[in-house]
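Trainee: Before I ask anything, here is the structure I am working with.
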Amino acid sequence: MHVSTRWLADYVDLPPAAELASMLSLSGLEVGSARTVGVEPIAGVRMEDPGPVWDREKIVIGKVVSVGRHPDADKLKLPRVAFGNGREMTLVTGAPNIAPGDSGQWCVLALSGAKVIDGHSKEKVLKELKPTVIRGVPSEAMLCSAYELGLSEDHEGLLFLDPGTAPEGAPAAEALGDVVLEIDNLPNMARCLALTGLAREVAALTGGRVREPDSSIPPGAGACPVKVSIEAPDACRRYMGLVVEGFPGGVSTERVRRLLAQSGMRPISAAVDITNFVMLEQGQPLHAFDLDKLEARAAGKPVEITVRYARAGETLTTLDGADRILSADMLVIADAAGPVALAGVMGGAATEVDSNTRRIFLESAHFDAVAIRRASRSFNLFSEASTRYTRGVSPVLAARGMGRAARLFLAGGASSVSAAADCHPAPEAPREVRYDWAAARRLAGCEIPAERVRAIVSALEFHVVSEDANGLTLRLPWHRLDVQEGLPDIVEDVVRLYGYGNLAPRLPAEAPPPPRANARQRFEDGLKDLLAGMGLREVISYALTSPAAERVILGGEADGPAVALANPISPERAIMRRSVLAGLAASAQANAARGDAVRVFELGTAFWPRQGERFPAEARRLAIAMSGSRHAESVHGGASGAMDFFDLKGVVEGMLAGLRVLGAAFVAGAHPALHPGKQARVVGPGGEELGFLGELHPRAAVALGGTPSRIHLAEFDAGWLEKLSSQSFRARAIPRFPAARRDLAVVVPEACPAADVEALLREAGTPLLETARLFDLYRGDPLGEGFKSLAYALDYQASDRTLTDKEVEQAHSRIETRLRAKLGARIRGKDIA
């Protein structure tokens with residue numbers, strides 16, 4: 001929010017700008033940055049695009065006495081300017097908005113030696129004015145444009161001020177200088193989106209008084225000729241209308257245009273500028289309709305305005321020229337011919353106020369925050385009005401905004417205004433809150449003197465209805481919609497204005513309770529440490545996604561039930577994720593495309609809807625992604641080979657071993673997103689589905705977008721991993737006797753899993769077989785088509801003796817016999833070469 005301190009000073013006395021910025025930040029209205037216009041930068045605040053500092057002696061207010069013609073150039077003029085104490089000066093200008101014969105304009109005069117922005121340079125650079133001669137006529141000063149002074153980007157003509165802005169010769173810095181604060185306004189401080197609301201806050205902080213402009217509705221010249229009604233009371237609690245007659249139109253005063261520009265709004269026309277001025281001042285959005293256009297749409301019948309929900313098939317062309325297809329949950333302002341505005345968001349082009357408008361129907365209303373936010377999100381159409389409605393606007397403010405605008409229209413030349421039409425089905429009753437001394441002391445953590453509390457709540461415009469020994473009964477002011485929780489909200493205000501630095505520190509009265517053990521958190525922390533120890537980095541991705549983004553991993557399931565957001569911020573964030581792996585895969589591909597080696601994991605939650613249940617099922621999932629070179633290139637040699645399925649399998653095996661998940665097995669997988677020959681499922685000892693791993697299918701890599709890469713992925717059910725992990729360690733003594741190693745090459749059919757072979761080796765080799773390690777896989781002659789050779793290193797060992805060769809040979813022969821009998825295997829070197 002851009003706040004002109006010059007404008008804010010109309011409503012409350014201000015301390016110096018640096019002190020004001022610090023005071024607001026400490027009270028919860030953080031000043032993120034500031035911009036100065038014509039004055040020195042302020043200390044302690046980040047400055048953005050500071051304008052030139054206007055020399056008080058050399059940049060002054062002047063008044064045009066006369067304008068003559070240049071004797072040697074048709075486009076040049078010779079204005080004579082008075083600038084105080086009887087001083088006058090003739091200078092040369094080529095500005096298009098001043099002509100020979102003009103007089104009486106108030107302007108800004110820059111004398112020789114002054115520094116202003118060079119209006120002829122592409123970049124904003126300062127230039128120092130020097131006396132010159134232009135086509136034979138001396139010129140020792142310059143009349144300034146708003147651009148040259150740093151007031152705006154307008155340098156099409158001279159800046160002319162409103163009469164009476166300042167006397168002749170007054171420093172321009174006193175009359176026009178400004179400090180514009182950029183305030184980060186939090187949702188609970190929405191009342192400060194209005195300058196009068198911010199003035200109340202400043203007054204409470206400084207002990208000052210607020211100067212409220214007259215916002216009462218002026219006496220009308222007759223009843224409002226436009227009938228107003230509300231058909232959607234759940235979304236519109238109050239709707240007011242008033243007719244302005246004989247408004248001359250044109251442009252606003254220089255001061256209004258300048259203050260709007262400093263506040264971040266573009267001046268448009270006198271009528272529109274009044275509505276925007278009131279919105280910034282009072283916080284009440286307004287909208288002006290061209291009454292003649294409304295009457296033309298009514299075809300001779302009385303104009304009737306209704307607030308209702310849109311109907312199927314209705315459309316609206318908004319002020320930005322876009323044709324909007326409306327849905328039944330959108331609130332509209334409509335006449336008998338159809339919608340004329342998208343309520344609280346943007347008006348319609350058919351009833352737009354233009355340069356020919358002389359009769360205006362002025363709208364002031366209270367709309368429901370959710371309804372306005374829904375429409376804004378649907379069209380990605382955000383405005384200053386919708387921002388205020390979504391933060392909260394009091395129904396009381398509708399009348400205040402209407403009255404203030406009506407008075408400004410009359411001051412701007414309107415011949416009359418009508419009485420206000422007011423549709424307010426259920427006026428709000430005043431709200432009261434009990435301020436209990438003991439409860440407030442517990443919430444604040446210390447004792448705040450009662451007289452200080454009374455002073456603070458009074459400064460914040462809370463009315464003390466009654467008081468007793470236990471506390472106060474307070475009536476809330478109409479503008480404090482943020483007080484929802486009662487006492488806690490008011491205590492927060494009291495502490496904020498009392499000063500956090502003034503709170504006396506004290507130790508808790510009791511010792512804190514012992515922390516409760518969180519088994520899942522302990523397990524997940526250990527799992528993360530385990531994966532990090534194997535060289536993987538943790539990432540955290542969005543829990544919001546879209547069906548299209550999940551289709552790569554989930555396939556057809558992506559179009560199935562999902563936990564959908566009622567009001568998503570974008571189509572890409574429309575549902576809660578059902579797969580943690582989908583987001584991680586996209587991140588891995590984006591990083592792999594840059595040539596980075598990727599070793600990442602994410603431990604997050606997947607969400608699935610439950611029929612008939614309010615809340616979804618939540619499952620903790622572990623996703624892993626690996627891609628790129630095993631080792632980075634270095635001075636000792638080039639990069640190693642690319643990671644493959646077995647690198648990922650090694651990480652998974654290490655993880656299962658570190659978690660002490662016993663009895664897990666790798667079996668053939670058939671996940672549609674993975675390469676059919678390079679994937680596996682992991683099952684627990686009881687057949688539990690723990691997860692899957694494999695190389696991303698090339699088609700899926702293309703579907704991810706960007707540059708396709710070889711990415712190896714895994715996803716596990718973290719809940720099952722936690723259940724099957726063992727918290728106890730099993731240790732055994734270091735063997736005292738050596739092991740005997742024998743190699744065994746087994747030829748089996750291609751369809752026979754290596755896991756089945758290893759299981760049979762261990763079964764047949766019990767109790768002497770200590771380890772069985774697969775070290776070679778061979779296909780080709782002389783094995784024949786459809787066969788493979790698996791070579792194992794077998795270690796035989798006993799805990800109480802050194803095995804004899806005979807014992808080893810007997811155990812080895814027993815294994816060979818079982819392999820032949822159970823699997824139809826052939827032994828290399830015996831049954832086949």
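Ligands are numbered from 1 in the order shown, chains are lettered A, B, ... in the order of the structure tokens, and residues start at 1 in each chain.
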Step one, run DSSP on the backbone; step two, keep only residues of range 88-275 of chain A assigned to strand (DSSP E or B); then write them as a ChimeraX atom specification.
Mentor: /A:88-90,93,106-111,115-117,126-128,132-134,137-139,141-143,160-161,171,178-184,227-230,236-245
Trainee: Got a sec to tell me which of range 306-423 of chain A DSSP assigns to alpha helix (DSSP H), as a compact mmCIF listing (two decimals) with C-alpha atoms, in the first residue's frame?
Mentor:
# COMPACT_ATOMS: atom_id res chain seq x y z
CA ALA A 369 -15.54 -11.27 0.94
CA VAL A 370 -15.75 -14.89 -0.24
CA ALA A 371 -18.04 -14.07 -3.18
CA ILE A 372 -15.74 -11.29 -4.37
CA ARG A 373 -12.60 -13.36 -3.97
CA ARG A 374 -14.19 -16.25 -5.88
CA ALA A 375 -14.99 -14.04 -8.87
CA SER A 376 -11.58 -12.36 -8.79
CA ARG A 377 -9.83 -15.73 -8.78
CA SER A 378 -12.02 -17.13 -11.53
CA PHE A 379 -11.05 -14.34 -13.93
CA GLU A 384 -8.07 -2.12 -5.43
CA ALA A 385 -11.80 -2.54 -4.84
CA SER A 386 -11.71 -6.34 -4.74
CA THR A 387 -8.70 -6.22 -2.40
CA ARG A 388 -10.66 -4.16 0.11
CA TYR A 389 -13.81 -6.26 -0.16
CA THR A 390 -11.87 -9.49 0.35
CA ARG A 391 -10.15 -8.03 3.43
CA PRO A 395 -21.68 -2.05 6.05
CA VAL A 396 -21.55 1.23 8.00
CA LEU A 397 -18.86 2.45 5.62
CA ALA A 398 -21.23 2.27 2.64
CA ALA A 399 -23.12 5.34 3.88
CA ARG A 400 -19.94 7.22 4.85
CA GLY A 401 -18.37 6.60 1.46
CA MET A 402 -21.56 7.60 -0.31
CA GLY A 403 -21.80 10.84 1.66
CA ARG A 404 -18.18 11.81 1.14
CA ALA A 405 -18.38 11.17 -2.62
CA ALA A 406 -21.66 13.09 -2.96
CA ARG A 407 -20.10 16.14 -1.32
CA LEU A 408 -17.05 15.91 -3.60
CA PHE A 409 -19.32 15.72 -6.68
CA LEU A 410 -21.13 18.87 -5.51
CA ALA A 411 -17.80 20.59 -4.86
Trainee: If we count only C-alpha atoms, what is near Glu363 in chain A at a cut-off of 6 Å, once residues fewer than 5 positions away on the same chain are taken out, given as a list in words?
Mentor: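 Neighbouring residues, sequence-local ones excluded: Met240, Gly241, Leu286 and His287 of chain A.
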Trainee: Restricting the output to all heavy atoms, write the selected residues as an mmCIF file, in the first residue's frame.
Mentor:
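Result file is out_15.cif:
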data_model
loop_
_atom_site.group_PDB
_atom_site.id
_atom_site.type_symbol
_atom_site.label_atom_id
_atom_site.label_comp_id
_atom_site.auth_asym_id
_atom_site.auth_seq_id
_atom_site.Cartn_x
_atom_site.Cartn_y
_atom_site.Cartn_z
ATOM 1 N N MET A 240 -26.437 0.730 -1.643
ATOM 2 C CA MET A 240 -26.926 2.105 -1.678
ATOM 3 C C MET A 240 -26.709 2.700 -3.063
ATOM 4 O O MET A 240 -25.738 2.357 -3.760
ATOM 5 C CB MET A 240 -26.199 2.964 -0.632
ATOM 6 C CG MET A 240 -26.366 2.489 0.800
ATOM 7 S SD MET A 240 -25.551 3.606 1.969
ATOM 8 C CE MET A 240 -26.603 5.058 1.829
ATOM 9 N N GLY A 241 -27.604 3.596 -3.454
ATOM 10 C CA GLY A 241 -27.465 4.290 -4.721
ATOM 11 C C GLY A 241 -27.870 5.737 -4.591
ATOM 12 O O GLY A 241 -28.711 6.099 -3.747
ATOM 13 N N LEU A 286 -16.358 2.361 -4.483
ATOM 14 C CA LEU A 286 -17.542 2.925 -5.107
ATOM 15 C C LEU A 286 -17.499 2.625 -6.601
ATOM 16 O O LEU A 286 -16.437 2.320 -7.155
ATOM 17 C CB LEU A 286 -17.593 4.450 -4.914
ATOM 18 C CG LEU A 286 -17.553 4.992 -3.484
ATOM 19 C CD1 LEU A 286 -17.380 6.501 -3.508
ATOM 20 C CD2 LEU A 286 -18.828 4.625 -2.741
ATOM 21 N N HIS A 287 -18.646 2.736 -7.245
ATOM 22 C CA HIS A 287 -18.659 2.608 -8.711
ATOM 23 C C HIS A 287 -19.659 3.601 -9.283
ATOM 24 O O HIS A 287 -20.758 3.780 -8.738
ATOM 25 C CB HIS A 287 -19.032 1.199 -9.150
ATOM 26 C CG HIS A 287 -18.927 1.009 -10.631
ATOM 27 N ND1 HIS A 287 -17.722 1.042 -11.299
ATOM 28 C CD2 HIS A 287 -19.874 0.820 -11.586
ATOM 29 C CE1 HIS A 287 -17.927 0.864 -12.593
ATOM 30 N NE2 HIS A 287 -19.227 0.735 -12.797
#
Trainee: Which one of A:Asn97, A:Ser139, A:Ser546, A:Ser813 sits closest to His70 in chain A if you count only C-alpha atoms?
Mentor: A:Ser139
Trainee: Could you check how far CA of Ala173 in chain A sits from CA of Gly250 in chain A, in Å to one decimal?
Mentor: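 Atom-to-atom, CA of Ala173 in chain A and CA of Gly250 in chain A are spaced 28.1 Å apart.
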Trainee: From the list A:Val278, A:Ile117, A:Ala288, A:Leu777, which residue is nearest Val746 in chain A when using only C-alpha atoms?
Mentor: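 Result for the nearest residue to Val746 in chain A: A:Leu777.
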Trainee: Can you work out which one of A:Glu19, A:Glu304, A:Asp184, A:Glu148 has the shortest atom-to-atom distance to His2 in chain A, counting only C-alpha atoms?
Mentor: A:Asp184
